[in-house]
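Raw contents of work_6.tsv, TSV, C-alpha atoms and all ligand atoms:
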```tsv
chain	number	residue	atom	x	y	z
P	1	MET	CA	131.99	-13.23	-112.25
P	2	GLY	CA	130.23	-16.60	-112.52
P	3	PRO	CA	127.92	-18.31	-110.06
P	4	VAL	CA	129.01	-18.61	-106.44
P	5	ILE	CA	127.05	-21.83	-106.17
P	6	GLU	CA	126.15	-23.99	-109.12
P	7	ALA	CA	124.12	-27.12	-108.49
P	8	ARG	CA	123.66	-29.66	-111.23
P	9	GLU	CA	121.00	-32.35	-111.15
P	10	LEU	CA	121.05	-32.64	-107.39
P	11	THR	CA	119.06	-35.39	-105.78
P	12	HIS	CA	119.12	-36.31	-102.13
P	13	GLU	CA	117.54	-39.40	-100.72
P	14	TYR	CA	117.69	-40.10	-96.98
P	15	PRO	CA	118.62	-43.62	-95.85
P	16	ASP	CA	114.96	-44.45	-95.14
P	17	GLY	CA	114.13	-43.88	-98.82
P	18	THR	CA	112.65	-40.37	-98.54
P	19	THR	CA	113.68	-38.31	-101.55
P	20	ALA	CA	113.85	-34.77	-100.19
P	21	VAL	CA	115.59	-33.03	-103.13
P	22	ARG	CA	114.92	-34.15	-106.67
P	23	ASP	CA	116.87	-33.24	-109.79
P	24	VAL	CA	117.63	-29.64	-108.81
P	25	THR	CA	119.75	-27.59	-111.19
P	26	LEU	CA	120.32	-24.09	-109.88
P	27	ALA	CA	122.92	-21.35	-110.23
P	28	ILE	CA	123.26	-18.63	-107.61
P	29	GLU	CA	125.14	-15.64	-109.03
P	30	ALA	CA	127.51	-13.48	-107.00
P	31	GLY	CA	125.62	-10.76	-105.16
P	32	GLU	CA	122.21	-12.24	-105.83
P	33	ARG	CA	119.45	-12.28	-103.19
P	34	VAL	CA	117.42	-15.41	-103.64
P	35	ALA	CA	114.56	-16.86	-101.59
P	36	VAL	CA	113.98	-20.58	-101.78
P	37	VAL	CA	110.37	-21.11	-100.76
P	38	GLY	CA	108.19	-24.18	-100.39
P	39	ALA	CA	105.77	-25.95	-98.10
P	40	ASN	CA	106.84	-27.87	-94.99
P	41	GLY	CA	108.63	-31.01	-96.07
P	42	SER	CA	109.33	-29.78	-99.61
P	43	GLY	CA	113.07	-30.19	-99.05
P	44	LYS	CA	114.30	-26.64	-98.40
P	45	SER	CA	116.45	-27.52	-95.42
P	46	THR	CA	117.84	-30.58	-97.16
P	47	LEU	CA	118.68	-28.46	-100.19
P	48	GLN	CA	120.37	-25.93	-97.89
P	49	LEU	CA	122.49	-28.68	-96.30
P	50	VAL	CA	123.53	-29.99	-99.69
P	51	LEU	CA	124.24	-26.53	-101.16
P	52	GLY	CA	126.17	-25.65	-98.00
P	53	GLY	CA	128.26	-28.78	-98.41
P	54	LEU	CA	127.16	-30.23	-95.06
P	55	VAL	CA	125.44	-33.22	-96.65
P	56	GLU	CA	126.73	-35.18	-99.62
P	57	PRO	CA	123.98	-35.47	-102.25
P	58	SER	CA	122.95	-38.94	-103.44
P	59	ALA	CA	123.40	-37.69	-107.00
P	60	GLY	CA	124.57	-34.54	-108.78
P	61	THR	CA	127.25	-31.97	-108.01
P	62	VAL	CA	127.67	-28.57	-106.41
P	63	GLU	CA	130.42	-26.28	-107.63
P	64	TYR	CA	131.57	-23.27	-105.58
P	65	PHE	CA	132.86	-19.99	-107.02
P	66	GLY	CA	133.52	-21.73	-110.34
P	67	GLU	CA	136.54	-23.24	-108.60
P	68	THR	CA	135.86	-26.41	-106.70
P	69	THR	CA	133.30	-29.03	-105.73
P	70	ASP	CA	134.96	-29.41	-102.34
P	71	ALA	CA	132.91	-27.35	-99.88
P	72	GLU	CA	135.59	-27.74	-97.20
P	73	ALA	CA	138.00	-25.77	-99.39
P	74	VAL	CA	135.63	-22.80	-99.28
P	75	ARG	CA	134.18	-23.30	-95.79
P	76	ASP	CA	135.29	-19.83	-94.70
P	77	ARG	CA	133.22	-18.25	-97.49
P	78	LEU	CA	129.94	-20.03	-96.76
P	79	GLY	CA	127.75	-18.91	-93.88
P	80	VAL	CA	125.23	-21.66	-93.28
P	81	LEU	CA	122.55	-20.89	-90.67
P	82	LEU	CA	120.70	-24.11	-89.92
P	83	GLN	CA	116.99	-24.18	-89.15
P	84	ASP	CA	117.55	-25.39	-85.59
P	85	PRO	CA	119.75	-22.92	-83.67
P	86	ASN	CA	120.63	-25.66	-81.19
P	87	ASP	CA	122.82	-27.20	-83.90
P	88	TYR	CA	124.91	-24.07	-83.75
P	89	LEU	CA	125.38	-23.36	-80.11
P	90	PHE	CA	127.63	-25.90	-78.49
P	91	ASN	CA	130.23	-23.98	-76.51
P	92	THR	CA	130.09	-23.13	-72.81
P	93	THR	CA	129.05	-19.53	-73.34
P	94	VAL	CA	127.40	-17.48	-76.04
P	95	ARG	CA	130.62	-15.49	-76.37
P	96	GLU	CA	132.60	-18.63	-77.16
P	97	ASP	CA	130.04	-19.60	-79.80
P	98	LEU	CA	130.43	-16.21	-81.44
P	99	GLU	CA	134.22	-16.35	-81.27
P	100	TYR	CA	134.43	-19.92	-82.53
P	101	GLY	CA	134.08	-19.30	-86.29
P	102	PRO	CA	136.52	-16.37	-86.46
P	103	ALA	CA	139.08	-18.34	-84.41
P	104	GLN	CA	138.72	-21.45	-86.58
P	105	LEU	CA	139.27	-19.37	-89.68
P	106	GLY	CA	142.28	-17.57	-88.34
P	107	MET	CA	140.76	-14.09	-88.24
P	108	SER	CA	142.93	-11.67	-86.27
P	109	ARG	CA	141.93	-11.30	-82.64
P	110	GLU	CA	141.32	-7.60	-83.07
P	111	THR	CA	139.01	-8.00	-86.08
P	112	ALA	CA	137.19	-10.88	-84.40
P	113	ASP	CA	136.60	-8.88	-81.20
P	114	ARG	CA	135.32	-5.94	-83.19
P	115	ARG	CA	132.92	-8.09	-85.22
P	116	VAL	CA	131.63	-10.00	-82.21
P	117	ALA	CA	131.04	-6.77	-80.27
P	118	ALA	CA	129.20	-5.16	-83.20
P	119	LEU	CA	127.00	-8.22	-83.77
P	120	ALA	CA	126.29	-8.57	-80.06
P	121	ASP	CA	125.08	-4.96	-80.04
P	122	GLU	CA	123.08	-5.32	-83.23
P	123	LEU	CA	121.37	-8.53	-82.13
P	124	GLY	CA	120.86	-7.65	-78.47
P	125	LEU	CA	123.29	-10.25	-77.13
P	126	ARG	CA	125.45	-8.01	-74.95
P	127	GLY	CA	123.88	-9.09	-71.69
P	128	LEU	CA	123.81	-12.73	-72.75
P	129	LEU	CA	127.44	-13.27	-73.77
P	130	GLU	CA	128.50	-15.04	-70.59
P	131	ARG	CA	125.41	-17.25	-70.42
P	132	PRO	CA	125.39	-20.90	-71.49
P	133	PRO	CA	123.59	-21.01	-74.86
P	134	PHE	CA	121.12	-23.68	-73.75
P	135	ARG	CA	119.75	-21.24	-71.15
P	136	LEU	CA	118.60	-18.77	-73.80
P	137	SER	CA	115.04	-18.32	-75.02
P	138	GLY	CA	114.12	-19.53	-78.52
P	139	GLY	CA	114.43	-16.10	-80.11
P	140	GLU	CA	117.66	-15.37	-78.25
P	141	LYS	CA	119.12	-18.65	-79.49
P	142	GLN	CA	118.16	-17.79	-83.01
P	143	ARG	CA	119.85	-14.39	-82.73
P	144	ALA	CA	122.96	-15.96	-81.21
P	145	ALA	CA	123.12	-18.59	-83.96
P	146	LEU	CA	122.85	-15.92	-86.66
P	147	ALA	CA	125.53	-13.84	-84.94
P	148	SER	CA	127.86	-16.84	-84.87
P	149	VAL	CA	127.43	-17.27	-88.63
P	150	LEU	CA	127.90	-13.59	-89.42
P	151	ALA	CA	130.89	-13.34	-87.07
P	152	PHE	CA	133.34	-14.84	-89.54
P	153	ASP	CA	132.11	-12.59	-92.36
P	154	PRO	CA	131.24	-15.18	-95.02
P	155	ASP	CA	130.68	-14.11	-98.66
P	156	VAL	CA	127.63	-16.27	-99.16
P	157	LEU	CA	124.84	-16.57	-96.60
P	158	LEU	CA	122.57	-19.61	-96.71
P	159	LEU	CA	119.95	-18.84	-94.07
P	160	ASP	CA	117.23	-21.27	-93.10
P	161	GLU	CA	114.33	-19.42	-91.46
P	162	PRO	CA	116.34	-16.66	-89.75
P	163	PHE	CA	113.13	-14.87	-88.75
P	164	GLY	CA	111.37	-17.90	-87.27
P	165	ALA	CA	111.28	-17.19	-83.54
P	166	VAL	CA	112.34	-13.55	-83.29
P	167	ASP	CA	110.13	-10.64	-82.29
P	168	ALA	CA	109.31	-7.60	-84.44
P	169	HIS	CA	112.25	-5.55	-83.19
P	170	TYR	CA	114.87	-8.17	-84.01
P	171	ARG	CA	113.12	-9.20	-87.19
P	172	GLU	CA	113.81	-5.69	-88.45
P	173	ARG	CA	117.43	-5.80	-87.21
P	174	ILE	CA	117.97	-9.12	-88.97
P	175	ARG	CA	116.33	-7.89	-92.14
P	176	LYS	CA	118.74	-4.97	-92.11
P	177	LEU	CA	121.78	-7.16	-91.45
P	178	VAL	CA	120.78	-9.39	-94.35
P	179	THR	CA	120.09	-6.54	-96.77
P	180	ASP	CA	123.31	-4.78	-95.78
P	181	HIS	CA	125.33	-7.94	-96.37
P	182	GLU	CA	127.64	-7.23	-99.28
P	183	GLY	CA	127.83	-10.73	-100.69
P	184	THR	CA	125.24	-13.25	-101.78
P	185	VAL	CA	122.17	-14.24	-99.77
P	186	VAL	CA	119.99	-17.32	-100.10
P	187	LEU	CA	117.04	-17.41	-97.74
P	188	PHE	CA	115.05	-20.61	-97.17
P	189	THR	CA	111.52	-20.07	-95.87
P	190	PRO	CA	107.96	-21.43	-95.96
P	191	SER	CA	106.51	-17.95	-95.32
P	192	LEU	CA	106.53	-15.34	-98.07
P	193	ASP	CA	105.90	-12.22	-95.99
P	194	ALA	CA	109.57	-11.34	-95.52
P	195	VAL	CA	110.61	-12.36	-99.02
P	196	PRO	CA	110.03	-9.07	-100.91
P	197	GLU	CA	112.09	-7.16	-98.33
P	198	VAL	CA	115.05	-9.47	-98.68
P	199	ALA	CA	115.08	-11.15	-102.10
P	200	GLU	CA	114.87	-10.19	-105.75
P	201	ARG	CA	114.57	-13.73	-107.11
P	202	VAL	CA	112.38	-16.54	-105.84
P	203	VAL	CA	112.82	-20.27	-106.36
P	204	VAL	CA	109.79	-22.40	-105.52
P	205	VAL	CA	110.31	-26.02	-104.53
P	206	GLY	CA	107.37	-28.37	-104.86
P	207	GLN	CA	106.26	-31.11	-102.51
P	208	ASP	CA	108.23	-33.65	-104.58
P	209	GLY	CA	111.52	-31.79	-104.03
P	210	THR	CA	111.85	-30.41	-107.56
P	211	VAL	CA	112.16	-26.74	-108.51
P	212	VAL	CA	108.74	-25.79	-109.87
P	213	ALA	CA	109.35	-22.08	-110.50
P	214	ASP	CA	112.28	-19.68	-110.60
P	215	GLY	CA	111.65	-16.03	-111.35
P	216	SER	CA	111.48	-12.46	-110.15
P	217	VAL	CA	109.89	-11.72	-106.79
P	218	ARG	CA	107.01	-9.96	-108.52
P	219	ASP	CA	106.30	-12.72	-111.03
P	220	VAL	CA	106.36	-15.48	-108.44
P	221	LEU	CA	104.64	-13.76	-105.52
P	222	THR	CA	101.73	-12.52	-107.60
P	223	ASP	CA	101.07	-15.94	-109.13
P	224	GLY	CA	98.35	-17.04	-106.71
P	225	SER	CA	97.67	-20.41	-108.33
P	226	LEU	CA	101.34	-21.40	-108.50
P	227	LEU	CA	101.71	-20.56	-104.80
P	228	THR	CA	98.51	-22.27	-103.68
P	229	GLU	CA	99.33	-25.44	-105.61
P	230	ASN	CA	102.60	-25.57	-103.72
P	231	GLY	CA	101.26	-25.01	-100.22
P	232	LEU	CA	102.17	-21.33	-100.10
P	233	ARG	CA	100.20	-18.13	-100.12
P	234	PRO	CA	101.00	-14.67	-101.42
P	235	PRO	CA	102.08	-11.97	-98.98
P	236	ALA	CA	99.18	-10.25	-97.18
P	237	THR	CA	99.46	-7.07	-99.27
P	238	VAL	CA	99.12	-9.06	-102.50
P	239	ARG	CA	96.04	-10.87	-101.17
P	240	LEU	CA	94.56	-7.56	-100.09
P	241	PHE	CA	94.80	-5.96	-103.52
P	242	GLU	CA	94.24	-9.05	-105.64
P	243	GLY	CA	91.45	-8.47	-108.18
P	244	ILE	CA	91.61	-4.74	-107.47
P	245	LEU	CA	94.95	-3.96	-109.09
P	246	ASP	CA	96.74	-5.53	-112.07
P	247	ALA	CA	99.45	-8.07	-111.21
P	248	ALA	CA	102.15	-5.58	-112.22
P	249	GLU	CA	100.77	-3.07	-109.70
P	250	LEU	CA	100.21	-5.34	-106.71
P	251	PRO	CA	102.12	-4.01	-103.69
P	252	LEU	CA	104.55	-6.59	-102.31
P	253	THR	CA	105.29	-4.84	-99.04
P	254	VAL	CA	103.33	-2.87	-96.46
P	255	ALA	CA	105.33	0.24	-97.39
P	256	ALA	CA	104.35	-0.16	-101.06
P	257	ALA	CA	100.70	-0.76	-100.10
P	258	ARG	CA	100.69	2.41	-98.01
P	259	ARG	CA	102.15	4.44	-100.84
P	260	ARG	CA	99.49	3.05	-103.13
P	261	LEU	CA	96.65	3.92	-100.74
P	262	LEU	CA	97.96	7.42	-100.09
P	263	ARG	CA	98.13	8.01	-103.82
P	264	GLU	CA	94.49	6.92	-104.18
P	265	GLU	CA	93.39	9.33	-101.46
P	266	ARG	CA	94.81	12.37	-103.12
P	301	LIG	N1	117.07	-37.14	-91.46
P	301	LIG	C1	116.01	-37.44	-92.24
P	301	LIG	N2	115.71	-38.72	-92.56
P	301	LIG	C2	114.65	-39.02	-93.32
P	301	LIG	N3	113.84	-38.11	-93.87
P	301	LIG	C3	114.08	-36.82	-93.58
P	301	LIG	C4	115.17	-36.42	-92.76
P	301	LIG	N4	115.16	-35.06	-92.65
P	301	LIG	C5	114.12	-34.67	-93.39
P	301	LIG	N5	113.46	-35.72	-93.95
P	301	LIG	C6	112.31	-35.67	-94.86
P	301	LIG	O1	112.72	-35.05	-96.05
P	301	LIG	C7	111.69	-34.19	-96.55
P	301	LIG	C8	112.22	-32.78	-96.67
P	301	LIG	O2	112.54	-32.31	-95.36
P	301	LIG	P1	113.15	-30.86	-95.16
P	301	LIG	O3	113.48	-30.73	-93.73
P	301	LIG	O4	114.24	-30.67	-96.13
P	301	LIG	O5	111.89	-29.97	-95.56
P	301	LIG	P2	111.68	-28.40	-95.42
P	301	LIG	O6	111.18	-27.89	-96.72
P	301	LIG	O7	112.88	-27.75	-94.86
P	301	LIG	O8	110.47	-28.31	-94.36
P	301	LIG	P3	110.13	-27.16	-93.25
P	301	LIG	O9	109.40	-26.07	-93.96
P	301	LIG	O10	109.22	-27.90	-92.32
P	301	LIG	O11	111.39	-26.73	-92.61
P	301	LIG	C9	110.51	-34.36	-95.59
P	301	LIG	O12	109.65	-35.34	-96.15
P	301	LIG	C10	111.16	-34.86	-94.32
P	301	LIG	O13	110.25	-35.66	-93.58
P	302	MG	MG	113.22	-26.69	-93.17
```

Do you think you could lay out the structure here as structure tokens?
Amino acid sequence: MGPVIEARELTHEYPDGTTAVRDVTLAIEAGERVAVVGANGSGKSTLQLVLGGLVEPSAGTVEYFGETTDAEAVRDRLGVLLQDPNDYLFNTTVREDLEYGPAQLGMSRETADRRVAALADELGLRGLLERPPFRLSGGEKQRAALASVLAFDPDVLLLDEPFGAVDAHYRERIRKLVTDHEGTVVLFTPSLDAVPEVAERVVVVGQDGTVVADGSVRDVLTDGSLLTENGLRPPATVRLFEGILDAAELPLTVAAARRRLLREER
């Protein structure tokens, strides 16, 4: 199986002359878990919009599933969660927002109801389903927006900051939903703390909108100077053990750091 998304020499310039994405060539393979990281303004969200086929690039092409460059032809296979949940929630009730995608894509009523009910349970939306989306809190909106993307069961998830406004409980629920997803996941984020739990490959975008690094989670997240130069910083556990352990041994998650410490104590 080839790449699910293959971008070639993508550049995107906004009408005011801002070049947000510059000469990006990137292949996302089926089943991969990739984090696209970069400072504020480095072009992550713009890249997400272009890869998701919601914005036409100024130059370059995006091919989907080795089949087509027409994103509309594969709309039902792409789950694009935008950074601002308000862009997602436009129906009269949260329930209608969740049912919208499945209905548009012709999913059977029974399957749609089952999926919506399961997601509402998982993301704590049960009691909010009849509410107008604009009356939700920030974290609730974010959960509702994610549920409306997952509801139609897309193969490829392109998620911009899904953890942004949610509390610890739902952060863990979302992490689990994302890791349990059977297809491909691309996460866009300026914060690296969640990256090791979700991704195996990390793409770093620089302030000029180019890809400045593309490698394994370990290689990228333990490269302090690469991260600092690009307005990022290593996860807390890496900073804690930096200079104490070799790069290959640095714990990327709290669980790994705990294991390491417990081993030392024995
Ligand atoms: N509609 C727009 N018109 C003009 N410039 C824009 C527009 N949207 C974004 N930009 C600019 O494009 C650049 C990239 O923005 P983008 O939102 O893609 O960055 P980002 O990496 O997602 O940032 P953040 O971490 O803050 O979400 C920034 O310089 C931004 O000011
Ligand atoms: Mg963004």

**OP:** Name the residues, by chain letter and number, that sit within 7 Å of ligand MG 302 (chain P) using only C-alpha atoms and all ligand atoms, and give them as a ChimeraX atom specification.
**Re:** /P:40-41,43-45,83,160

Subject >> Selected residue, from P:Ala30, P:Val21, P:Leu159, P:Leu177, that lies nearest to P:Asp208 when counting all atoms listed in the file >> reply: P:Val21

Subject >> All residues having an atom within 10 Å of ligand LIG 301 (chain P) (all atoms listed in the file) as a ChimeraX atom specification >> reply: /P:12-21,36-50,82-84,160-161,188-191,205-209

Find the residues around stretch 102-111 of chain P up to 8 Å (all atoms listed in the file counted), leave out those fewer than 6 positions away in its own chain, and share them as an mmCIF file with C-alpha atoms, in the frame of the given file.
```
data_model
loop_
_atom_site.group_PDB
_atom_site.id
_atom_site.type_symbol
_atom_site.label_atom_id
_atom_site.label_comp_id
_atom_site.auth_asym_id
_atom_site.auth_seq_id
_atom_site.Cartn_x
_atom_site.Cartn_y
_atom_site.Cartn_z
ATOM 1 C CA ASP P 76 135.290 -19.830 -94.700
ATOM 2 C CA ALA P 151 130.890 -13.340 -87.070
ATOM 3 C CA PHE P 152 133.340 -14.840 -89.540
#
```

Original post:
When you draw a straight line from atom CA of P:Asp167 to atom CA of P:Arg33, how long is it in Å?
Top reply: 22.9 Å

**OP:** Tell me which of P:Pro132, P:Gly231, P:Gly60, P:Gly224 sits closest to P:Arg8, counting all atoms listed in the file.
**Re:** P:Gly60

**OP:** Using only C-alpha atoms, determine which residues lie at most 9 Å from P:Ala147, disregarding the query and same-chain residues fewer than 6 positions distant; provide the list as a PyMOL selection string.
**Re:** chain P and resi 97-98+116+119-120+123+125

**OP:** Skip stretch 72-75 of chain P itself and residues of its chain fewer than 5 positions away, then list as a ChimeraX atom specification all residues within 12 Å of it, counting only C-alpha atoms.
**Re:** /P:4-5,51-56,63-67,80,101-102,104-105,149,152-157

Original post:
At what distance in Å, to one decimal, does atom CA of P:Val34 lie from atom CA of P:Thr222?
Top reply: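 For atom CA of P:Thr222 relative to atom CA of P:Val34, the distance reads 16.4 Å.
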
Original post:
Any idea what the distance is between atom CA of P:Arg22 and atom CA of P:Leu221?
Top reply: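 Separating atom CA of P:Arg22 from atom CA of P:Leu221 is a distance of 22.9 Å.
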
Original post:
With all atoms listed in the file as the basis for distance, which of P:Leu150, P:Ala27, P:Ala144, P:Leu128 is at the shortest distance from P:Asp214?
Top reply: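 For P:Asp214, the nearest of the candidates is P:Ala27.
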
Original post:
P:Leu232, P:Ala112, P:Ala35, P:Leu192: which is nearest P:Tyr100, counting all atoms listed in the file?
Top reply: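 Smallest distance to P:Tyr100 is found for P:Ala112.
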
**OP:** Choose the residue, out of P:Glu122, P:Tyr88, P:Leu78, P:Glu140, that has the smallest atom-to-atom separation from P:Ile174; count only C-alpha atoms.
**Re:** P:Glu122
